[in-house]
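J.: Sending over a structure as structure tokens; questions will come in a sec.
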Amino acid sequence: MYKCCMFDLDGTLVNSIYALKRSVDGTLAHFGLGPITLEDTKTFVGDGYKKLVERALKAYGDPELVHFEEALNVYNRVFKECCLYRVEAYEGIPELLAFLKENHILCTVLSNKPHVRTIENINYVFGPDVFDRVYGERESAGIKKKPSPEGVEALLEELGISKEECLYLGDTNTDMETGKNAQVDMVGVLWGFRSRDELKVYEPALLAEHPMDVAEFIKGVNHIE
């Protein structure tokens, strides 16, 4: 029986691709580079902002990463200003969250986005009271970012939930690797930033076309009428 759903944020709960693209564009423009394409943005995200900036610089004119350290500071400044630009919940996510609440299944968030920006996104889109725990990147607290299992493990320990009682939902290979490393059941969501082919190789328990596919899956596992 699942007692907790753990969600990735970008590409899983919210479509934040326009905010991410705008942030990268602003960063690259500082060095006379860019803009980045929407498709490249989707490919470059998922492993935290440092990797996002690194990939963007390499692909758009700074292969030696001469500007990397300065670009990180620029990105953080730009992202603070536009991290909510056109951010919205995916269709069906509010209904899935309502189903989980109705059936007393904990709703949590584990993101590689900076922790403050993760909280800001969740509160902006869903309000402060929907999720039981919300965590972004916490390497400063000694918890490695995804795909390390440490974030999942720390959150489950905090909640007193076993790995067998957790369902992890994400849209990228990083998310699938996180679930594998943490030894929890996974859902690969197909409404996000990556393809079915990328996710299916990890053999998740479910490949979901729509958020309510997850509700139907949980009904079967938890024997909900």
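Ligands are numbered from 1 in the order shown, chains are lettered A, B, ... in the order of the structure tokens, and residues start at 1 in each chain.
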Find the spatial neighbours of Glu91 in chain A, counting only C-alpha atoms, within a cut-off of 9 Å - ignore same-chain residues fewer than 2 positions away - and output them as number ranges by chain.

T.: A: 89, 93-95, 210-211

J.: Can you list, as a list in words, all residues belonging to range 85-218 of chain A that DSSP tags as strand (DSSP E or B)?

T.: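 So the strand (DSSP E or B) residues in range 85-218 of chain A would be Glu88, Ala89, Leu106, Cys107, Thr108, Val109, Leu110, Ser111, Asn112, Lys113, Pro114, Arg133, Val134, Tyr135, Gly136, Glu137, Cys166, Leu167, Tyr168, Leu169, Gly170, Asp185, Met186, Val187, Gly188, Val189, Leu206, Leu207 and Ala208 of chain A.
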
J.: Write a file of the selected residues as an mmCIF file, in the first residue's frame, keeping N, CA and C atoms.

T.:
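Contents of the output file out_19.cif:
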```
data_model
loop_
_atom_site.group_PDB
_atom_site.id
_atom_site.type_symbol
_atom_site.label_atom_id
_atom_site.label_comp_id
_atom_site.auth_asym_id
_atom_site.auth_seq_id
_atom_site.Cartn_x
_atom_site.Cartn_y
_atom_site.Cartn_z
ATOM 1 N N GLU A 88 2.795 27.167 -14.278
ATOM 2 C CA GLU A 88 1.444 26.718 -13.958
ATOM 3 C C GLU A 88 1.429 25.213 -13.763
ATOM 4 N N ALA A 89 0.432 24.741 -13.023
ATOM 5 C CA ALA A 89 0.261 23.304 -12.822
ATOM 6 C C ALA A 89 -0.172 22.651 -14.125
ATOM 7 N N LEU A 106 0.189 10.854 1.766
ATOM 8 C CA LEU A 106 1.010 12.042 1.912
ATOM 9 C C LEU A 106 1.503 12.535 0.555
ATOM 10 N N CYS A 107 1.539 13.856 0.396
ATOM 11 C CA CYS A 107 2.005 14.488 -0.842
ATOM 12 C C CYS A 107 3.277 15.270 -0.523
ATOM 13 N N THR A 108 4.379 14.912 -1.178
ATOM 14 C CA THR A 108 5.657 15.561 -0.916
ATOM 15 C C THR A 108 6.327 15.959 -2.223
ATOM 16 N N VAL A 109 7.287 16.877 -2.114
ATOM 17 C CA VAL A 109 8.033 17.369 -3.276
ATOM 18 C C VAL A 109 9.522 17.219 -2.999
ATOM 19 N N LEU A 110 10.251 16.700 -3.993
ATOM 20 C CA LEU A 110 11.704 16.612 -3.913
ATOM 21 C C LEU A 110 12.272 17.080 -5.248
ATOM 22 N N SER A 111 12.910 18.237 -5.235
ATOM 23 C CA SER A 111 13.390 18.872 -6.461
ATOM 24 C C SER A 111 14.878 19.160 -6.384
ATOM 25 N N ASN A 112 15.529 19.261 -7.543
ATOM 26 C CA ASN A 112 16.907 19.747 -7.612
ATOM 27 C C ASN A 112 16.968 21.261 -7.780
ATOM 28 N N LYS A 113 15.813 21.911 -7.894
ATOM 29 C CA LYS A 113 15.765 23.369 -7.949
ATOM 30 C C LYS A 113 16.232 23.916 -6.590
ATOM 31 N N PRO A 114 16.890 25.074 -6.564
ATOM 32 C CA PRO A 114 17.251 25.650 -5.265
ATOM 33 C C PRO A 114 16.058 25.670 -4.310
ATOM 34 N N ARG A 133 5.395 17.910 2.797
ATOM 35 C CA ARG A 133 6.797 18.339 2.862
ATOM 36 C C ARG A 133 7.198 18.823 1.476
ATOM 37 N N VAL A 134 8.024 19.873 1.431
ATOM 38 C CA VAL A 134 8.550 20.408 0.169
ATOM 39 C C VAL A 134 10.037 20.678 0.343
ATOM 40 N N TYR A 135 10.842 19.994 -0.455
ATOM 41 C CA TYR A 135 12.286 20.180 -0.377
ATOM 42 C C TYR A 135 12.876 20.386 -1.764
ATOM 43 N N GLY A 136 13.713 21.411 -1.861
ATOM 44 C CA GLY A 136 14.549 21.593 -3.036
ATOM 45 C C GLY A 136 15.931 21.049 -2.767
ATOM 46 N N GLU A 137 16.901 21.554 -3.508
ATOM 47 C CA GLU A 137 18.284 21.103 -3.346
ATOM 48 C C GLU A 137 18.794 21.506 -1.961
ATOM 49 N N CYS A 166 6.268 4.100 -0.688
ATOM 50 C CA CYS A 166 6.495 5.352 -1.414
ATOM 51 C C CYS A 166 6.387 5.143 -2.916
ATOM 52 N N LEU A 167 5.736 6.084 -3.593
ATOM 53 C CA LEU A 167 5.668 6.121 -5.050
ATOM 54 C C LEU A 167 6.295 7.434 -5.506
ATOM 55 N N TYR A 168 7.368 7.330 -6.311
ATOM 56 C CA TYR A 168 8.111 8.500 -6.755
ATOM 57 C C TYR A 168 7.731 8.842 -8.192
ATOM 58 N N LEU A 169 7.392 10.104 -8.444
ATOM 59 C CA LEU A 169 6.947 10.538 -9.767
ATOM 60 C C LEU A 169 7.901 11.572 -10.345
ATOM 61 N N GLY A 170 8.351 11.339 -11.597
ATOM 62 C CA GLY A 170 9.229 12.292 -12.245
ATOM 63 C C GLY A 170 9.205 12.144 -13.756
ATOM 64 N N ASP A 185 9.225 2.442 -5.852
ATOM 65 C CA ASP A 185 8.451 2.347 -7.084
ATOM 66 C C ASP A 185 8.399 3.707 -7.763
ATOM 67 N N MET A 186 8.396 3.699 -9.089
ATOM 68 C CA MET A 186 8.461 4.938 -9.847
ATOM 69 C C MET A 186 7.320 5.058 -10.836
ATOM 70 N N VAL A 187 6.925 6.293 -11.096
ATOM 71 C CA VAL A 187 6.045 6.634 -12.208
ATOM 72 C C VAL A 187 6.807 7.576 -13.130
ATOM 73 N N GLY A 188 6.923 7.192 -14.396
ATOM 74 C CA GLY A 188 7.469 8.101 -15.393
ATOM 75 C C GLY A 188 6.331 8.896 -16.003
ATOM 76 N N VAL A 189 6.338 10.214 -15.828
ATOM 77 C CA VAL A 189 5.236 11.037 -16.328
ATOM 78 C C VAL A 189 5.583 11.530 -17.729
ATOM 79 N N LEU A 206 4.831 2.485 -13.685
ATOM 80 C CA LEU A 206 3.805 3.059 -14.559
ATOM 81 C C LEU A 206 4.419 4.147 -15.424
ATOM 82 N N LEU A 207 4.024 4.179 -16.702
ATOM 83 C CA LEU A 207 4.254 5.328 -17.568
ATOM 84 C C LEU A 207 2.902 6.012 -17.729
ATOM 85 N N ALA A 208 2.773 7.221 -17.205
ATOM 86 C CA ALA A 208 1.476 7.890 -17.120
ATOM 87 C C ALA A 208 1.338 8.965 -18.185
#
```

J.: Can you work out which one of A:Thr37, A:Arg22, A:Thr43, A:Phe68 has the shortest atom-to-atom distance to Asn173 in chain A, counting only C-alpha atoms?

T.: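 Between A:Thr37, A:Arg22, A:Thr43, A:Phe68, the residue approaching Asn173 in chain A most closely is A:Thr43.
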
J.: Using DSSP on the backbone, list every residue of range 50-188 of chain A that comes out as alpha helix (DSSP H), and give them as a PyMOL selection string.

T.: chain A and resi 50-59+68-82+93-102+115-126+150-159+173-182

J.: Which residues are close to range 175-180 of chain A, i.e. within 6 Å by only C-alpha atoms, leaving aside same-chain residues fewer than 2 positions away? Reply as a list in words.

T.: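 Listing them by chain and then by number gives Lys146, Pro147, Ser148, Pro149, Gly170, Thr172, Asn173, Ala182, Gln183, Val184 and Met186 of chain A.
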
J.: I need the chosen residues saved as a PDB file, in the first residue's frame, with N, CA and C atoms.

T.:
```pdb
ATOM      1  N   LYS A 146      19.550  14.819  -6.382  1.00  0.00           N
ATOM      2  CA  LYS A 146      19.219  13.701  -7.264  1.00  0.00           C
ATOM      3  C   LYS A 146      20.210  13.639  -8.434  1.00  0.00           C
ATOM      4  N   PRO A 147      20.595  12.431  -8.889  1.00  0.00           N
ATOM      5  CA  PRO A 147      19.975  11.128  -8.647  1.00  0.00           C
ATOM      6  C   PRO A 147      20.445  10.373  -7.410  1.00  0.00           C
ATOM      7  N   SER A 148      21.196  11.025  -6.535  1.00  0.00           N
ATOM      8  CA  SER A 148      21.506  10.374  -5.263  1.00  0.00           C
ATOM      9  C   SER A 148      20.196  10.022  -4.557  1.00  0.00           C
ATOM     10  N   PRO A 149      20.157   8.879  -3.853  1.00  0.00           N
ATOM     11  CA  PRO A 149      18.947   8.517  -3.120  1.00  0.00           C
ATOM     12  C   PRO A 149      18.794   9.245  -1.795  1.00  0.00           C
ATOM     13  N   GLY A 170       8.351  11.339 -11.597  1.00  0.00           N
ATOM     14  CA  GLY A 170       9.229  12.292 -12.245  1.00  0.00           C
ATOM     15  C   GLY A 170       9.205  12.144 -13.756  1.00  0.00           C
ATOM     16  N   THR A 172      12.160  12.817 -15.920  1.00  0.00           N
ATOM     17  CA  THR A 172      13.463  12.754 -16.583  1.00  0.00           C
ATOM     18  C   THR A 172      14.226  11.499 -16.193  1.00  0.00           C
ATOM     19  N   ASN A 173      15.317  11.241 -16.923  1.00  0.00           N
ATOM     20  CA  ASN A 173      16.190  10.130 -16.564  1.00  0.00           C
ATOM     21  C   ASN A 173      16.765  10.299 -15.164  1.00  0.00           C
ATOM     22  N   ALA A 182      17.103   4.741  -4.919  1.00  0.00           N
ATOM     23  CA  ALA A 182      16.426   4.720  -3.615  1.00  0.00           C
ATOM     24  C   ALA A 182      15.602   3.455  -3.403  1.00  0.00           C
ATOM     25  N   GLN A 183      15.457   2.658  -4.464  1.00  0.00           N
ATOM     26  CA  GLN A 183      14.703   1.402  -4.402  1.00  0.00           C
ATOM     27  C   GLN A 183      13.235   1.634  -4.021  1.00  0.00           C
ATOM     28  N   VAL A 184      12.638   2.623  -4.691  1.00  0.00           N
ATOM     29  CA  VAL A 184      11.211   2.880  -4.526  1.00  0.00           C
ATOM     30  C   VAL A 184      10.517   2.704  -5.873  1.00  0.00           C
ATOM     31  N   MET A 186       8.396   3.699  -9.089  1.00  0.00           N
ATOM     32  CA  MET A 186       8.461   4.938  -9.847  1.00  0.00           C
ATOM     33  C   MET A 186       7.320   5.058 -10.836  1.00  0.00           C
TER      34      MET A 186
END
```

J.: Name the residues in contact with Lys219 in chain A at a cut-off of 12 Å, using only C-alpha atoms, excluding same-chain residues fewer than 6 positions from it; report them as a ChimeraX atom specification.

T.: /A:1-2,96,99-100,103,105,212-213,225

J.: Rank nothing, just name the residue among A:Val130, A:Val214, A:Val14, A:Met6 nearest to Tyr90 in chain A, using only C-alpha atoms.

T.: A:Val14

J.: Find the spatial neighbours of range 78-81 of chain A, counting only C-alpha atoms, within a cut-off of 7 Å - ignore same-chain residues fewer than 6 positions away - and output them as a list in words.

T.: Ser23, Gly26 and Thr27 of chain A

J.: Using only C-alpha atoms, determine which residues lie at most 9 Å from Leu33 in chain A, disregarding the query and same-chain residues fewer than 3 positions distant; provide the list as a list in words.

T.: Asp25, Thr27, Leu28, Ala29, His30, Ile36, Leu57, Tyr60, Gly61 and Asp62 of chain A

J.: Just write the chosen residues, all heavy atoms, as a PDB file, in the first residue's frame.

T.:
```pdb
ATOM      1  N   ASP A  25      18.354  32.391 -20.888  1.00  0.00           N
ATOM      2  CA  ASP A  25      18.556  33.443 -21.897  1.00  0.00           C
ATOM      3  C   ASP A  25      19.181  34.683 -21.268  1.00  0.00           C
ATOM      4  O   ASP A  25      20.099  35.290 -21.833  1.00  0.00           O
ATOM      5  CB  ASP A  25      17.223  33.814 -22.551  1.00  0.00           C
ATOM      6  CG  ASP A  25      16.762  32.782 -23.562  1.00  0.00           C
ATOM      7  OD1 ASP A  25      17.570  31.910 -23.949  1.00  0.00           O
ATOM      8  OD2 ASP A  25      15.580  32.842 -23.972  1.00  0.00           O
ATOM      9  N   THR A  27      20.976  34.850 -18.599  1.00  0.00           N
ATOM     10  CA  THR A  27      22.347  34.542 -18.202  1.00  0.00           C
ATOM     11  C   THR A  27      23.286  34.569 -19.391  1.00  0.00           C
ATOM     12  O   THR A  27      24.355  35.190 -19.360  1.00  0.00           O
ATOM     13  CB  THR A  27      22.403  33.163 -17.525  1.00  0.00           C
ATOM     14  OG1 THR A  27      21.511  33.150 -16.400  1.00  0.00           O
ATOM     15  CG2 THR A  27      23.811  32.836 -17.061  1.00  0.00           C
ATOM     16  N   LEU A  28      22.896  33.901 -20.473  1.00  0.00           N
ATOM     17  CA  LEU A  28      23.738  33.875 -21.668  1.00  0.00           C
ATOM     18  C   LEU A  28      23.910  35.263 -22.265  1.00  0.00           C
ATOM     19  O   LEU A  28      24.993  35.628 -22.736  1.00  0.00           O
ATOM     20  CB  LEU A  28      23.133  32.922 -22.701  1.00  0.00           C
ATOM     21  CG  LEU A  28      23.116  31.439 -22.343  1.00  0.00           C
ATOM     22  CD1 LEU A  28      22.407  30.634 -23.438  1.00  0.00           C
ATOM     23  CD2 LEU A  28      24.518  30.899 -22.116  1.00  0.00           C
ATOM     24  N   ALA A  29      22.832  36.056 -22.255  1.00  0.00           N
ATOM     25  CA  ALA A  29      22.885  37.399 -22.832  1.00  0.00           C
ATOM     26  C   ALA A  29      23.921  38.276 -22.129  1.00  0.00           C
ATOM     27  O   ALA A  29      24.521  39.169 -22.751  1.00  0.00           O
ATOM     28  CB  ALA A  29      21.504  38.053 -22.758  1.00  0.00           C
ATOM     29  N   HIS A  30      24.146  38.020 -20.855  1.00  0.00           N
ATOM     30  CA  HIS A  30      25.152  38.771 -20.095  1.00  0.00           C
ATOM     31  C   HIS A  30      26.531  38.636 -20.722  1.00  0.00           C
ATOM     32  O   HIS A  30      27.376  39.539 -20.613  1.00  0.00           O
ATOM     33  CB  HIS A  30      25.167  38.259 -18.653  1.00  0.00           C
ATOM     34  CG  HIS A  30      26.127  38.982 -17.753  1.00  0.00           C
ATOM     35  ND1 HIS A  30      25.813  40.187 -17.150  1.00  0.00           N
ATOM     36  CD2 HIS A  30      27.392  38.676 -17.353  1.00  0.00           C
ATOM     37  CE1 HIS A  30      26.840  40.584 -16.408  1.00  0.00           C
ATOM     38  NE2 HIS A  30      27.810  39.689 -16.521  1.00  0.00           N
ATOM     39  N   ILE A  36      18.781  30.418 -26.024  1.00  0.00           N
ATOM     40  CA  ILE A  36      18.668  28.969 -26.064  1.00  0.00           C
ATOM     41  C   ILE A  36      17.309  28.584 -26.652  1.00  0.00           C
ATOM     42  O   ILE A  36      16.346  29.349 -26.558  1.00  0.00           O
ATOM     43  CB  ILE A  36      18.834  28.396 -24.634  1.00  0.00           C
ATOM     44  CG1 ILE A  36      18.966  26.877 -24.641  1.00  0.00           C
ATOM     45  CG2 ILE A  36      17.703  28.845 -23.736  1.00  0.00           C
ATOM     46  CD1 ILE A  36      19.293  26.292 -23.270  1.00  0.00           C
ATOM     47  N   LEU A  57      26.154  26.947 -21.457  1.00  0.00           N
ATOM     48  CA  LEU A  57      27.382  27.613 -21.868  1.00  0.00           C
ATOM     49  C   LEU A  57      28.140  26.796 -22.910  1.00  0.00           C
ATOM     50  O   LEU A  57      28.587  27.328 -23.936  1.00  0.00           O
ATOM     51  CB  LEU A  57      28.281  27.860 -20.653  1.00  0.00           C
ATOM     52  CG  LEU A  57      27.874  28.983 -19.703  1.00  0.00           C
ATOM     53  CD1 LEU A  57      28.780  28.977 -18.479  1.00  0.00           C
ATOM     54  CD2 LEU A  57      27.915  30.350 -20.380  1.00  0.00           C
ATOM     55  N   TYR A  60      26.314  26.927 -26.270  1.00  0.00           N
ATOM     56  CA  TYR A  60      26.021  28.230 -26.870  1.00  0.00           C
ATOM     57  C   TYR A  60      27.201  29.192 -26.826  1.00  0.00           C
ATOM     58  O   TYR A  60      27.023  30.393 -26.676  1.00  0.00           O
ATOM     59  CB  TYR A  60      24.782  28.839 -26.216  1.00  0.00           C
ATOM     60  CG  TYR A  60      23.506  28.182 -26.697  1.00  0.00           C
ATOM     61  CD1 TYR A  60      23.068  26.984 -26.140  1.00  0.00           C
ATOM     62  CD2 TYR A  60      22.762  28.731 -27.742  1.00  0.00           C
ATOM     63  CE1 TYR A  60      21.908  26.355 -26.594  1.00  0.00           C
ATOM     64  CE2 TYR A  60      21.607  28.121 -28.198  1.00  0.00           C
ATOM     65  CZ  TYR A  60      21.191  26.928 -27.623  1.00  0.00           C
ATOM     66  OH  TYR A  60      20.047  26.311 -28.087  1.00  0.00           O
ATOM     67  N   GLY A  61      28.423  28.662 -26.975  1.00  0.00           N
ATOM     68  CA  GLY A  61      29.534  29.555 -27.255  1.00  0.00           C
ATOM     69  C   GLY A  61      30.648  29.634 -26.234  1.00  0.00           C
ATOM     70  O   GLY A  61      31.613  30.382 -26.431  1.00  0.00           O
ATOM     71  N   ASP A  62      30.554  28.872 -25.125  1.00  0.00           N
ATOM     72  CA  ASP A  62      31.633  28.893 -24.132  1.00  0.00           C
ATOM     73  C   ASP A  62      32.002  27.462 -23.757  1.00  0.00           C
ATOM     74  O   ASP A  62      31.821  27.020 -22.619  1.00  0.00           O
ATOM     75  CB  ASP A  62      31.189  29.677 -22.890  1.00  0.00           C
ATOM     76  CG  ASP A  62      32.300  29.829 -21.854  1.00  0.00           C
ATOM     77  OD1 ASP A  62      33.463  29.516 -22.170  1.00  0.00           O
ATOM     78  OD2 ASP A  62      31.995  30.236 -20.713  1.00  0.00           O
TER      79      ASP A  62
END
```

J.: Taking only C-alpha atoms into account, name the residue in A:Lys101, A:Lys200, A:Lys42, A:His67 that is nearest to Lys3 in chain A.

T.: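 Nearest candidate to Lys3 in chain A out of A:Lys101, A:Lys200, A:Lys42, A:His67: A:Lys101.
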
J.: Using only C-alpha atoms, which residue out of A:Tyr75, A:Phe217, A:Phe7, A:Tyr18 lies closest to Leu38 in chain A?

T.: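 Comparing A:Tyr75, A:Phe217, A:Phe7, A:Tyr18 against Leu38 in chain A, the winner is A:Tyr18.
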